[in-house]
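> Okay, so here is query-v7.cif, and as you'll see once you scroll down, it has mmCIF, C-alpha atoms, pLDDT in the B column; chains and numbers go by the auth columns.
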data_protein
loop_
_atom_site.group_PDB
_atom_site.id
_atom_site.type_symbol
_atom_site.label_atom_id
_atom_site.label_comp_id
_atom_site.label_asym_id
_atom_site.label_seq_id
_atom_site.Cartn_x
_atom_site.Cartn_y
_atom_site.Cartn_z
_atom_site.B_iso_or_equiv
_atom_site.auth_seq_id
_atom_site.auth_asym_id
ATOM 1 C CA MET A 1 14.940 46.055 225.619 52.00 22 A
ATOM 2 C CA MET A 2 11.704 46.462 223.657 50.00 23 A
ATOM 3 C CA ALA A 3 12.412 50.181 223.138 50.00 24 A
ATOM 4 C CA SER A 4 15.825 49.334 221.719 52.00 25 A
ATOM 5 C CA SER A 5 14.289 46.758 219.371 50.00 26 A
ATOM 6 C CA ARG A 6 11.653 49.236 218.114 50.00 27 A
ATOM 7 C CA LYS A 7 14.383 51.827 217.486 50.00 28 A
ATOM 8 C CA CYS A 8 16.418 49.373 215.412 54.00 29 A
ATOM 9 C CA LEU A 9 13.316 48.334 213.455 51.00 30 A
ATOM 10 C CA PHE A 10 12.409 51.964 212.795 57.00 31 A
ATOM 11 C CA GLU A 11 15.932 52.729 211.559 64.00 32 A
ATOM 12 C CA ASP A 12 15.822 49.648 209.335 66.00 33 A
ATOM 13 C CA GLU A 13 12.523 50.821 207.790 67.00 34 A
ATOM 14 C CA ILE A 14 13.956 54.293 207.117 64.00 35 A
ATOM 15 C CA GLU A 15 17.073 52.784 205.527 66.00 36 A
ATOM 16 C CA GLN A 16 14.960 50.474 203.364 69.00 37 A
ATOM 17 C CA SER A 17 12.709 53.366 202.248 66.00 38 A
ATOM 18 C CA LEU A 18 15.706 55.513 201.305 61.00 39 A
ATOM 19 C CA LEU A 19 17.243 52.606 199.390 66.00 40 A
ATOM 20 C CA GLU A 20 14.007 52.026 197.434 66.00 41 A
ATOM 21 C CA GLU A 21 13.689 55.731 196.624 64.00 42 A
ATOM 22 C CA LEU A 22 17.322 55.882 195.437 59.00 43 A
ATOM 23 C CA THR A 23 16.826 52.792 193.265 63.00 44 A
ATOM 24 C CA ALA A 24 13.650 54.226 191.728 58.00 45 A
ATOM 25 C CA SER A 25 15.452 57.511 190.987 55.00 46 A
ATOM 26 C CA ASP A 26 18.314 55.687 189.221 56.00 47 A
ATOM 27 C CA GLN A 27 15.876 53.687 187.090 56.00 48 A
ATOM 28 C CA SER A 28 14.030 56.851 186.115 50.00 49 A
ATOM 29 C CA SER A 29 17.314 58.520 185.137 49.00 50 A
ATOM 30 C CA CYS A 30 18.326 55.546 182.990 50.00 51 A
ATOM 31 C CA SER A 31 14.931 55.561 181.323 48.00 52 A
ATOM 32 C CA ASP A 32 15.340 59.247 180.426 46.00 53 A
ATOM 33 C CA ASP A 33 18.777 58.575 178.963 47.00 54 A
ATOM 34 C CA ASP A 34 17.498 55.694 176.822 47.00 55 A
ATOM 35 C CA ASP A 35 14.704 57.792 175.347 45.00 56 A
ATOM 36 C CA SER A 36 16.351 61.114 174.618 43.00 57 A
ATOM 37 C CA SER A 37 13.522 62.158 172.327 44.00 58 A
ATOM 38 C CA GLY A 38 11.157 62.794 175.232 46.00 59 A
ATOM 39 C CA THR A 39 7.862 64.038 173.877 43.00 60 A
ATOM 40 C CA ASP A 40 9.312 64.746 170.436 47.00 61 A
ATOM 41 C CA ASP A 41 7.870 61.485 169.116 49.00 62 A
ATOM 42 C CA LEU A 42 4.410 62.200 170.503 49.00 63 A
ATOM 43 C CA THR A 43 1.643 63.967 168.669 47.00 64 A
ATOM 44 C CA VAL A 44 0.015 67.080 170.092 43.00 65 A
ATOM 45 C CA VAL A 45 -3.071 65.033 170.941 45.00 66 A
ATOM 46 C CA GLU A 46 -0.969 62.461 172.850 49.00 67 A
ATOM 47 C CA VAL A 47 0.854 65.153 174.789 43.00 68 A
ATOM 48 C CA LEU A 48 -2.394 66.900 175.726 45.00 69 A
ATOM 49 C CA GLY A 49 -3.928 63.546 176.603 51.00 70 A
ATOM 50 C CA SER A 50 -1.067 62.741 178.986 50.00 71 A
ATOM 51 C CA GLU A 51 -1.405 66.145 180.550 47.00 72 A
ATOM 52 C CA CYS A 52 -5.100 65.546 181.107 49.00 73 A
ATOM 53 C CA SER A 53 -4.677 62.070 182.579 51.00 74 A
ATOM 54 C CA GLY A 54 -3.974 63.266 186.115 53.00 75 A
ATOM 55 C CA SER A 55 -6.399 63.869 188.934 54.00 76 A
ATOM 56 C CA GLU A 56 -10.104 64.374 188.493 56.00 77 A
ATOM 57 C CA SER A 57 -9.801 68.123 189.047 55.00 78 A
ATOM 58 C CA ASP A 58 -7.115 68.314 186.353 55.00 79 A
ATOM 59 C CA ASN A 59 -9.375 66.422 183.949 56.00 80 A
ATOM 60 C CA VAL A 60 -12.147 68.910 184.564 53.00 81 A
ATOM 61 C CA GLN A 61 -9.807 71.827 183.800 58.00 82 A
ATOM 62 C CA CYS A 62 -8.609 70.172 180.570 54.00 83 A
ATOM 63 C CA ALA A 63 -12.168 69.478 179.468 56.00 84 A
ATOM 64 C CA THR A 64 -13.118 73.081 180.144 57.00 85 A
ATOM 65 C CA ALA A 65 -10.154 74.371 178.126 56.00 86 A
ATOM 66 C CA SER A 66 -11.016 72.026 175.236 56.00 87 A
ATOM 67 C CA SER A 67 -14.681 73.047 175.157 60.00 88 A
ATOM 68 C CA ALA A 68 -13.721 76.735 175.170 66.00 89 A
ATOM 69 C CA HIS A 69 -12.258 76.354 171.640 69.00 90 A
ATOM 70 C CA SER A 70 -14.713 76.184 168.753 71.00 91 A
ATOM 71 C CA TRP A 71 -13.927 75.361 165.108 72.00 92 A
ATOM 72 C CA GLU A 72 -15.231 77.719 162.458 71.00 93 A
ATOM 73 C CA ASP A 73 -15.994 76.970 158.840 73.00 94 A
ATOM 74 C CA MET A 74 -13.793 78.674 156.197 74.00 95 A
ATOM 75 C CA THR A 75 -16.914 80.287 154.749 76.00 96 A
ATOM 76 C CA ASN A 76 -16.643 82.769 157.611 75.00 97 A
ATOM 77 C CA TYR A 77 -13.283 83.989 156.258 77.00 98 A
ATOM 78 C CA VAL A 78 -13.398 87.142 154.154 81.00 99 A
ATOM 79 C CA GLY A 79 -10.265 87.734 152.090 82.00 100 A
ATOM 80 C CA GLN A 80 -8.950 91.088 150.967 84.00 101 A
ATOM 81 C CA ARG A 81 -7.771 91.556 147.388 84.00 102 A
ATOM 82 C CA GLU A 82 -4.240 92.838 146.958 80.00 103 A
ATOM 83 C CA GLN A 83 -3.958 96.296 145.470 80.00 104 A
ATOM 84 C CA PHE A 84 -1.268 96.597 142.803 73.00 105 A
ATOM 85 C CA VAL A 85 0.485 99.916 143.071 79.00 106 A
ATOM 86 C CA ASP A 86 3.202 99.434 140.443 77.00 107 A
ATOM 87 C CA LYS A 87 2.862 100.097 136.727 77.00 108 A
ATOM 88 C CA TYR A 88 1.799 97.049 134.764 82.00 109 A
ATOM 89 C CA TRP A 89 0.924 95.810 131.262 87.00 110 A
ATOM 90 C CA PRO A 90 3.414 96.294 128.343 91.00 111 A
ATOM 91 C CA GLN A 91 6.814 97.643 129.297 89.00 112 A
ATOM 92 C CA ASN A 92 9.757 99.329 127.561 92.00 113 A
ATOM 93 C CA GLU A 93 9.645 99.146 123.740 92.00 114 A
ATOM 94 C CA ALA A 94 6.410 97.131 123.815 93.00 115 A
ATOM 95 C CA GLN A 95 4.561 99.852 125.716 91.00 116 A
ATOM 96 C CA ASN A 96 3.063 101.705 122.745 91.00 117 A
ATOM 97 C CA GLU A 97 3.345 99.055 120.025 92.00 118 A
ATOM 98 C CA THR A 98 0.084 97.760 118.517 92.00 119 A
ATOM 99 C CA TYR A 99 1.281 95.967 115.366 94.00 120 A
ATOM 100 C CA CYS A 100 1.112 92.226 116.126 92.00 121 A
ATOM 101 C CA ALA A 101 4.049 91.176 113.904 93.00 122 A
ATOM 102 C CA LYS A 102 6.375 93.675 115.600 94.00 123 A
ATOM 103 C CA LEU A 103 5.219 92.551 119.015 94.00 124 A
ATOM 104 C CA PHE A 104 5.897 88.919 118.112 95.00 125 A
ATOM 105 C CA LYS A 105 9.418 89.781 116.959 96.00 126 A
ATOM 106 C CA MET A 106 10.082 91.487 120.293 96.00 127 A
ATOM 107 C CA PHE A 107 9.676 88.102 121.988 96.00 128 A
ATOM 108 C CA PHE A 108 11.048 85.906 119.188 97.00 129 A
ATOM 109 C CA ASP A 109 13.762 88.405 118.371 97.00 130 A
ATOM 110 C CA ASP A 110 16.647 88.028 115.924 97.00 131 A
ATOM 111 C CA GLU A 111 18.946 86.621 118.610 97.00 132 A
ATOM 112 C CA LEU A 112 16.549 83.799 119.466 98.00 133 A
ATOM 113 C CA VAL A 113 15.704 82.907 115.858 98.00 134 A
ATOM 114 C CA GLU A 114 19.366 82.951 114.880 98.00 135 A
ATOM 115 C CA LEU A 115 20.003 80.501 117.741 98.00 136 A
ATOM 116 C CA ILE A 116 17.304 78.179 116.357 98.00 137 A
ATOM 117 C CA VAL A 117 18.770 78.524 112.843 98.00 138 A
ATOM 118 C CA ARG A 118 22.277 77.733 114.077 98.00 139 A
ATOM 119 C CA GLU A 119 21.259 74.676 116.094 98.00 140 A
ATOM 120 C CA THR A 120 19.002 73.374 113.297 98.00 141 A
ATOM 121 C CA ASN A 121 21.790 73.587 110.744 98.00 142 A
ATOM 122 C CA THR A 122 24.259 72.013 113.203 97.00 143 A
ATOM 123 C CA TYR A 123 21.944 69.095 113.891 96.00 144 A
ATOM 124 C CA ALA A 124 21.277 68.572 110.160 96.00 145 A
ATOM 125 C CA ALA A 125 25.032 68.434 109.476 95.00 146 A
ATOM 126 C CA GLN A 126 25.543 65.970 112.328 94.00 147 A
ATOM 127 C CA LYS A 127 22.772 63.700 111.066 93.00 148 A
ATOM 128 C CA ILE A 128 23.992 63.748 107.466 93.00 149 A
ATOM 129 C CA GLN A 129 27.610 63.085 108.440 93.00 150 A
ATOM 130 C CA ALA A 130 26.548 60.194 110.672 91.00 151 A
ATOM 131 C CA ARG A 131 24.866 58.401 107.765 87.00 152 A
ATOM 132 C CA SER A 132 27.123 55.974 105.905 84.00 153 A
ATOM 133 C CA PHE A 133 24.627 55.820 103.066 86.00 154 A
ATOM 134 C CA ILE A 134 21.902 58.244 102.031 85.00 155 A
ATOM 135 C CA PRO A 135 19.154 56.812 99.795 87.00 156 A
ATOM 136 C CA LEU A 136 18.881 58.294 96.342 82.00 157 A
ATOM 137 C CA HIS A 137 15.439 59.842 96.921 83.00 158 A
ATOM 138 C CA SER A 138 16.086 60.986 100.508 85.00 159 A
ATOM 139 C CA ARG A 139 15.473 64.671 101.241 82.00 160 A
ATOM 140 C CA MET A 140 18.842 64.707 103.031 87.00 161 A
ATOM 141 C CA ARG A 141 20.510 64.873 99.614 87.00 162 A
ATOM 142 C CA ASP A 142 18.733 68.152 98.861 89.00 163 A
ATOM 143 C CA TRP A 143 19.256 69.740 102.263 94.00 164 A
ATOM 144 C CA LYS A 144 20.338 73.379 102.262 96.00 165 A
ATOM 145 C CA PRO A 145 21.063 75.307 105.464 97.00 166 A
ATOM 146 C CA VAL A 146 18.065 77.263 106.680 98.00 167 A
ATOM 147 C CA ILE A 147 18.316 81.046 107.056 97.00 168 A
ATOM 148 C CA LYS A 148 16.714 83.450 109.530 97.00 169 A
ATOM 149 C CA ASP A 149 13.923 84.745 107.269 97.00 170 A
ATOM 150 C CA GLU A 150 12.978 81.194 106.324 97.00 171 A
ATOM 151 C CA MET A 151 12.760 80.196 109.980 98.00 172 A
ATOM 152 C CA TYR A 152 10.397 83.109 110.646 97.00 173 A
ATOM 153 C CA VAL A 153 8.162 81.730 107.864 97.00 174 A
ATOM 154 C CA VAL A 154 8.164 78.295 109.529 97.00 175 A
ATOM 155 C CA LEU A 155 7.230 79.814 112.909 97.00 176 A
ATOM 156 C CA ALA A 156 4.422 81.785 111.261 96.00 177 A
ATOM 157 C CA LEU A 157 3.060 78.614 109.650 97.00 178 A
ATOM 158 C CA PHE A 158 3.176 76.860 113.030 97.00 179 A
ATOM 159 C CA MET A 159 0.912 79.548 114.472 96.00 180 A
ATOM 160 C CA LEU A 160 -1.365 79.438 111.431 96.00 181 A
ATOM 161 C CA MET A 161 -1.707 75.671 111.866 97.00 182 A
ATOM 162 C CA GLY A 162 -3.133 76.354 115.311 95.00 183 A
ATOM 163 C CA ILE A 163 -5.931 78.361 113.692 96.00 184 A
ATOM 164 C CA ILE A 164 -6.487 76.255 110.561 95.00 185 A
ATOM 165 C CA GLN A 165 -6.558 72.700 111.835 94.00 186 A
ATOM 166 C CA LYS A 166 -6.139 69.787 109.417 95.00 187 A
ATOM 167 C CA PRO A 167 -5.610 66.060 110.040 94.00 188 A
ATOM 168 C CA THR A 168 -2.094 65.698 108.535 94.00 189 A
ATOM 169 C CA LEU A 169 0.905 67.860 107.726 92.00 190 A
ATOM 170 C CA ARG A 170 0.607 67.123 104.008 92.00 191 A
ATOM 171 C CA SER A 171 -3.035 68.213 103.961 95.00 192 A
ATOM 172 C CA TYR A 172 -1.914 71.788 104.577 96.00 193 A
ATOM 173 C CA PHE A 173 -0.222 71.733 101.176 96.00 194 A
ATOM 174 C CA SER A 174 -3.096 70.013 99.365 95.00 195 A
ATOM 175 C CA LYS A 175 -4.057 71.552 96.016 93.00 196 A
ATOM 176 C CA ASN A 176 -7.539 70.091 96.115 93.00 197 A
ATOM 177 C CA TYR A 177 -9.823 73.095 95.624 91.00 198 A
ATOM 178 C CA ILE A 178 -12.082 71.931 98.458 91.00 199 A
ATOM 179 C CA LEU A 179 -9.261 71.434 100.999 90.00 200 A
ATOM 180 C CA ALA A 180 -6.600 73.854 99.777 95.00 201 A
ATOM 181 C CA THR A 181 -5.143 76.627 101.912 96.00 202 A
ATOM 182 C CA PRO A 182 -2.969 78.357 99.303 96.00 203 A
ATOM 183 C CA ILE A 183 -0.872 80.399 101.727 96.00 204 A
ATOM 184 C CA PHE A 184 1.149 77.327 102.773 97.00 205 A
ATOM 185 C CA GLY A 185 2.293 76.311 99.291 96.00 206 A
ATOM 186 C CA SER A 186 2.884 79.908 98.252 96.00 207 A
ATOM 187 C CA VAL A 187 5.549 80.592 100.930 97.00 208 A
ATOM 188 C CA THR A 188 7.376 77.242 101.000 96.00 209 A
ATOM 189 C CA SER A 189 7.213 73.753 99.531 95.00 210 A
ATOM 190 C CA MET A 190 5.947 70.764 101.456 95.00 211 A
ATOM 191 C CA ASP A 191 9.312 68.945 101.155 94.00 212 A
ATOM 192 C CA ARG A 192 11.257 71.939 102.443 96.00 213 A
ATOM 193 C CA PHE A 193 8.855 72.471 105.333 97.00 214 A
ATOM 194 C CA GLU A 194 9.101 68.798 106.331 95.00 215 A
ATOM 195 C CA SER A 195 12.907 68.861 106.118 95.00 216 A
ATOM 196 C CA ILE A 196 13.161 71.881 108.399 96.00 217 A
ATOM 197 C CA CYS A 197 10.731 70.291 110.859 96.00 218 A
ATOM 198 C CA ASN A 198 12.755 67.065 110.870 94.00 219 A
ATOM 199 C CA PHE A 199 16.015 68.858 111.680 96.00 220 A
ATOM 200 C CA MET A 200 14.662 71.630 113.909 97.00 221 A
ATOM 201 C CA HIS A 201 16.792 71.818 117.033 97.00 222 A
ATOM 202 C CA PHE A 202 17.353 74.246 119.918 97.00 223 A
ATOM 203 C CA ASN A 203 20.462 72.954 121.682 97.00 224 A
ATOM 204 C CA ASN A 204 23.632 71.213 120.562 95.00 225 A
ATOM 205 C CA ASN A 205 23.678 67.570 121.656 93.00 226 A
ATOM 206 C CA ASP A 206 27.471 67.778 122.030 93.00 227 A
ATOM 207 C CA HIS A 207 27.014 70.229 124.920 93.00 228 A
ATOM 208 C CA VAL A 208 25.084 67.835 127.141 93.00 229 A
ATOM 209 C CA GLY A 209 28.228 67.094 129.183 93.00 230 A
ATOM 210 C CA THR A 210 28.640 70.726 130.261 94.00 231 A
ATOM 211 C CA TYR A 211 24.936 71.494 130.624 94.00 232 A
ATOM 212 C CA GLN A 212 23.959 72.630 134.145 92.00 233 A
ATOM 213 C CA GLY A 213 20.231 73.285 133.808 92.00 234 A
ATOM 214 C CA PRO A 214 17.309 70.907 134.524 92.00 235 A
ATOM 215 C CA SER A 215 18.083 67.599 132.825 91.00 236 A
ATOM 216 C CA LYS A 216 14.625 67.138 131.308 94.00 237 A
ATOM 217 C CA LEU A 217 14.736 70.604 129.711 96.00 238 A
ATOM 218 C CA PHE A 218 18.080 70.254 127.931 96.00 239 A
ATOM 219 C CA LYS A 219 16.562 70.150 124.421 96.00 240 A
ATOM 220 C CA ILE A 220 14.651 73.428 124.800 96.00 241 A
ATOM 221 C CA TYR A 221 16.445 75.199 127.653 96.00 242 A
ATOM 222 C CA PRO A 222 18.058 77.982 125.531 96.00 243 A
ATOM 223 C CA VAL A 223 14.653 78.946 124.136 97.00 244 A
ATOM 224 C CA LEU A 224 13.006 78.925 127.569 96.00 245 A
ATOM 225 C CA SER A 225 15.774 81.044 129.093 96.00 246 A
ATOM 226 C CA HIS A 226 15.645 83.615 126.293 97.00 247 A
ATOM 227 C CA LEU A 227 11.852 83.881 126.344 97.00 248 A
ATOM 228 C CA ASN A 228 11.782 84.248 130.141 96.00 249 A
ATOM 229 C CA THR A 229 14.166 87.185 129.867 96.00 250 A
ATOM 230 C CA ASN A 230 12.046 88.822 127.167 96.00 251 A
ATOM 231 C CA PHE A 231 8.796 88.241 129.078 94.00 252 A
ATOM 232 C CA GLN A 232 10.224 89.942 132.171 93.00 253 A
ATOM 233 C CA SER A 233 11.478 92.881 130.115 93.00 254 A
ATOM 234 C CA LEU A 234 8.434 93.461 127.910 94.00 255 A
ATOM 235 C CA TYR A 235 5.379 92.682 130.044 90.00 256 A
ATOM 236 C CA LEU A 236 4.490 93.112 133.702 87.00 257 A
ATOM 237 C CA PRO A 237 1.279 91.318 134.776 84.00 258 A
ATOM 238 C CA GLY A 238 -1.400 93.147 136.720 77.00 259 A
#
Here is the file; what I need is its structure written in the form of structure tokens.


Amino acid sequence: MMASSRKCLFEDEIEQSLLEELTASDQSSCSDDDDSSGTDDLTVVEVLGSECSGSESDNVQCATASSAHSWEDMTNYVGQREQFVDKYWPQNEAQNETYCAKLFKMFFDDELVELIVRETNTYAAQKIQARSFIPLHSRMRDWKPVIKDEMYVVLALFMLMGIIQKPTLRSYFSKNYILATPIFGSVTSMDRFESICNFMHFNNNDHVGTYQGPSKLFKIYPVLSHLNTNFQSLYLPG
């Protein structure tokens, strides 16, 4: 009788143990399904920390592996300079040219300056037509379309203004013998220079709807594109 009771109790314990193990396995499976990311959300340090949180012997192995790595300062790094093997410096028609004006016109060539002339004249016409009334003494009344040679003069004066620096635009055309720089007044008048500067344009505003380049560069994009092409054709850096 007692043997039979012990057998039943033993079988009950086995059944209970199996049931608990099955329940624990189901809970673990559900937990894995709920958190599909696994260790993806953990940092490397957290993953290594969990791996080193086991038995004491495992902790010793992790500590040994960590101490085996040593950080070095970047001052120990010695870089190696790249050796350029291709031809560089001026290319194509700029290769043997030494006259600065000719070199400038290779970059700001006729095609580019004619584009600036065309867009400047277009913008001036748009501005004048948009005005319902033009004051009697306004320079708009005297506007004449700019031509290519005149635009080259304006560009040259822009570069000269970077060398000879004065406080105002009008001071460049001063006739005061102390302040005067005669070259400015000898090639163009102050009023004409100011008019061209006021209307200078590089892209037609009516084309903004079909423009596909960077939005902030719309006003100067044709000039940038043309110069980039010329730079790549005429000069290869070392």

> Using all atoms listed in the file, determine which residues lie at most 7 Å from segment 235-241 of chain A, disregarding the query and same-chain residues fewer than 4 positions distant; provide the list as a PyMOL selection string.

chain A and resi 223-224+245

> Can you list what the PyMOL selection byres ((chain A and resi 257) around 9) grabs from this structure, as a list in words?

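Applying the expression gives Lys108, Tyr109, Trp110, Pro111, Gln112, Phe252, Gln253, Ser254, Leu255, Tyr256, Pro258 and Gly259 of chain A.
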
> With all atoms listed in the file as the basis for distance, which of A:Val175, A:Glu140, A:Tyr98, A:Glu118 is at the shortest distance from His228 of chain A?

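Selected residue with least distance to His228 of chain A: A:Glu140.
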
> Would you please work out which residue, of A:Thr231, A:Leu248, A:Asn226, A:Val99, is nearest to Gln147 of chain A when using only C-alpha atoms?

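Ranked by minimum distance to Gln147 of chain A, first place goes to A:Asn226.
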
> Using atom CA of Val138 of chain A and atom CA of Met172 of chain A as the two end points, give the distance in Å to one decimal.

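Pair atom CA of Val138 of chain A / atom CA of Met172 of chain A returns 6.9 Å.
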
> Using all atoms listed in the file, which of the listed residues (A:Gly234, A:Ser195, A:Tyr173, A:Asp227) sits closest to Leu133 of chain A?

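So, comparing all the options, the nearest one is A:Tyr173.
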
> Just give me the gap between atom CA of Val134 of chain A and atom CA of His247 of chain A in Å, one decimal is fine.

10.5 Å

> Check the smallest atom-to-atom distance from each of A:Val174, A:Leu190, A:Ile184, A:Leu157 to Ser207 of chain A using all atoms listed in the file, then report the winner.

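Ranking A:Val174, A:Leu190, A:Ile184, A:Leu157 by distance to Ser207 of chain A, first place goes to A:Val174.
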
> List, as a list of chain:residue names, every residue that the PyMOL selection byres ((chain A and resi 204) around 12) selects in the file provided.

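Selected by the PyMOL selection byres ((chain A and resi 204) around 12) in this file: A:Val174, A:Ala177, A:Leu178, A:Leu181, A:Met182, A:Ile185, A:Tyr193, A:Phe194, A:Ser195, A:Lys196, A:Ala201, A:Thr202, A:Pro203, A:Phe205, A:Gly206, A:Ser207, A:Val208, A:Thr209, A:Ser210, A:Met211.
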
> Given the selection you just returned, output its residues as a file containing C-alpha atoms, formatted as a CSV table (one decimal), in the coordinates of the input.


chain,number,residue,atom,x,y,z
A,174,VAL,CA,8.2,81.7,107.9
A,177,ALA,CA,4.4,81.8,111.3
A,178,LEU,CA,3.1,78.6,109.6
A,181,LEU,CA,-1.4,79.4,111.4
A,182,MET,CA,-1.7,75.7,111.9
A,185,ILE,CA,-6.5,76.3,110.6
A,193,TYR,CA,-1.9,71.8,104.6
A,194,PHE,CA,-0.2,71.7,101.2
A,195,SER,CA,-3.1,70.0,99.4
A,196,LYS,CA,-4.1,71.6,96.0
A,201,ALA,CA,-6.6,73.9,99.8
A,202,THR,CA,-5.1,76.6,101.9
A,203,PRO,CA,-3.0,78.4,99.3
A,205,PHE,CA,1.1,77.3,102.8
A,206,GLY,CA,2.3,76.3,99.3
A,207,SER,CA,2.9,79.9,98.3
A,208,VAL,CA,5.5,80.6,100.9
A,209,THR,CA,7.4,77.2,101.0
A,210,SER,CA,7.2,73.8,99.5
A,211,MET,CA,5.9,70.8,101.5

> Work out how far atom CA of Asp131 of chain A is from atom CA of Ile168 of chain A, in Å to one decimal.

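These two atoms are separated by 11.4 Å.
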
> As a check of understanding, name the residues that the PyMOL selection byres ((chain A and resi 160) around 12) selects in the supplied structure, as a PDB file with C-alpha atoms, in the coordinates of the input.


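To be explicit, this is the file written out as result34.pdb:
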ATOM      1  CA  ALA A 145      21.277  68.572 110.160  1.00 96.00           C
ATOM      2  CA  ILE A 149      23.992  63.748 107.466  1.00 93.00           C
ATOM      3  CA  ILE A 155      21.902  58.244 102.031  1.00 85.00           C
ATOM      4  CA  PRO A 156      19.154  56.812  99.795  1.00 87.00           C
ATOM      5  CA  LEU A 157      18.881  58.294  96.342  1.00 82.00           C
ATOM      6  CA  HIS A 158      15.439  59.842  96.921  1.00 83.00           C
ATOM      7  CA  SER A 159      16.086  60.986 100.508  1.00 85.00           C
ATOM      8  CA  MET A 161      18.842  64.707 103.031  1.00 87.00           C
ATOM      9  CA  ARG A 162      20.510  64.873  99.614  1.00 87.00           C
ATOM     10  CA  ASP A 163      18.733  68.152  98.861  1.00 89.00           C
ATOM     11  CA  TRP A 164      19.256  69.740 102.263  1.00 94.00           C
ATOM     12  CA  LYS A 165      20.338  73.379 102.262  1.00 96.00           C
ATOM     13  CA  MET A 211       5.947  70.764 101.456  1.00 95.00           C
ATOM     14  CA  ASP A 212       9.312  68.945 101.155  1.00 94.00           C
ATOM     15  CA  ARG A 213      11.257  71.939 102.443  1.00 96.00           C
ATOM     16  CA  PHE A 214       8.855  72.471 105.333  1.00 97.00           C
ATOM     17  CA  GLU A 215       9.101  68.798 106.331  1.00 95.00           C
ATOM     18  CA  SER A 216      12.907  68.861 106.118  1.00 95.00           C
ATOM     19  CA  ILE A 217      13.161  71.881 108.399  1.00 96.00           C
ATOM     20  CA  ASN A 219      12.755  67.065 110.870  1.00 94.00           C
ATOM     21  CA  PHE A 220      16.015  68.858 111.680  1.00 96.00           C
TER      22      PHE A 220
END

> Using all atoms listed in the file for the distances, tell me which of A:Ser153, A:Val167, A:Cys218, A:Ser192 is nearest to Phe179 of chain A.

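Looking at the shortest contact to Phe179 of chain A, the residue is A:Cys218.
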
> Can segment 118-129 of chain A be brought up to N, CA and C atoms and written out as a compact mmCIF listing (two decimals), in the frame of the given file?


# COMPACT_ATOMS: atom_id res chain seq x y z
N GLU A 118 3.41 99.77 121.29
CA GLU A 118 3.34 99.06 120.02
C GLU A 118 2.02 98.31 119.90
N THR A 119 1.38 98.43 118.75
CA THR A 119 0.08 97.76 118.52
C THR A 119 0.13 96.81 117.33
N TYR A 120 1.19 96.83 116.54
CA TYR A 120 1.28 95.97 115.37
C TYR A 120 1.73 94.58 115.81
N CYS A 121 0.90 93.56 115.54
CA CYS A 121 1.11 92.23 116.13
C CYS A 121 2.43 91.60 115.67
N ALA A 122 2.81 91.78 114.40
CA ALA A 122 4.05 91.18 113.90
C ALA A 122 5.27 91.75 114.62
N LYS A 123 5.26 93.06 114.88
CA LYS A 123 6.38 93.68 115.60
C LYS A 123 6.43 93.20 117.05
N LEU A 124 5.26 93.05 117.64
CA LEU A 124 5.22 92.55 119.02
C LEU A 124 5.76 91.13 119.10
N PHE A 125 5.39 90.29 118.13
CA PHE A 125 5.90 88.92 118.11
C PHE A 125 7.42 88.90 118.00
N LYS A 126 7.98 89.76 117.16
CA LYS A 126 9.42 89.78 116.96
C LYS A 126 10.16 90.38 118.15
N MET A 127 9.44 91.04 119.06
CA MET A 127 10.08 91.49 120.29
C MET A 127 10.35 90.30 121.22
N PHE A 128 9.48 89.31 121.17
CA PHE A 128 9.68 88.10 121.99
C PHE A 128 10.58 87.11 121.26
N PHE A 129 10.21 86.76 120.03
CA PHE A 129 11.05 85.91 119.19
C PHE A 129 11.95 86.83 118.36
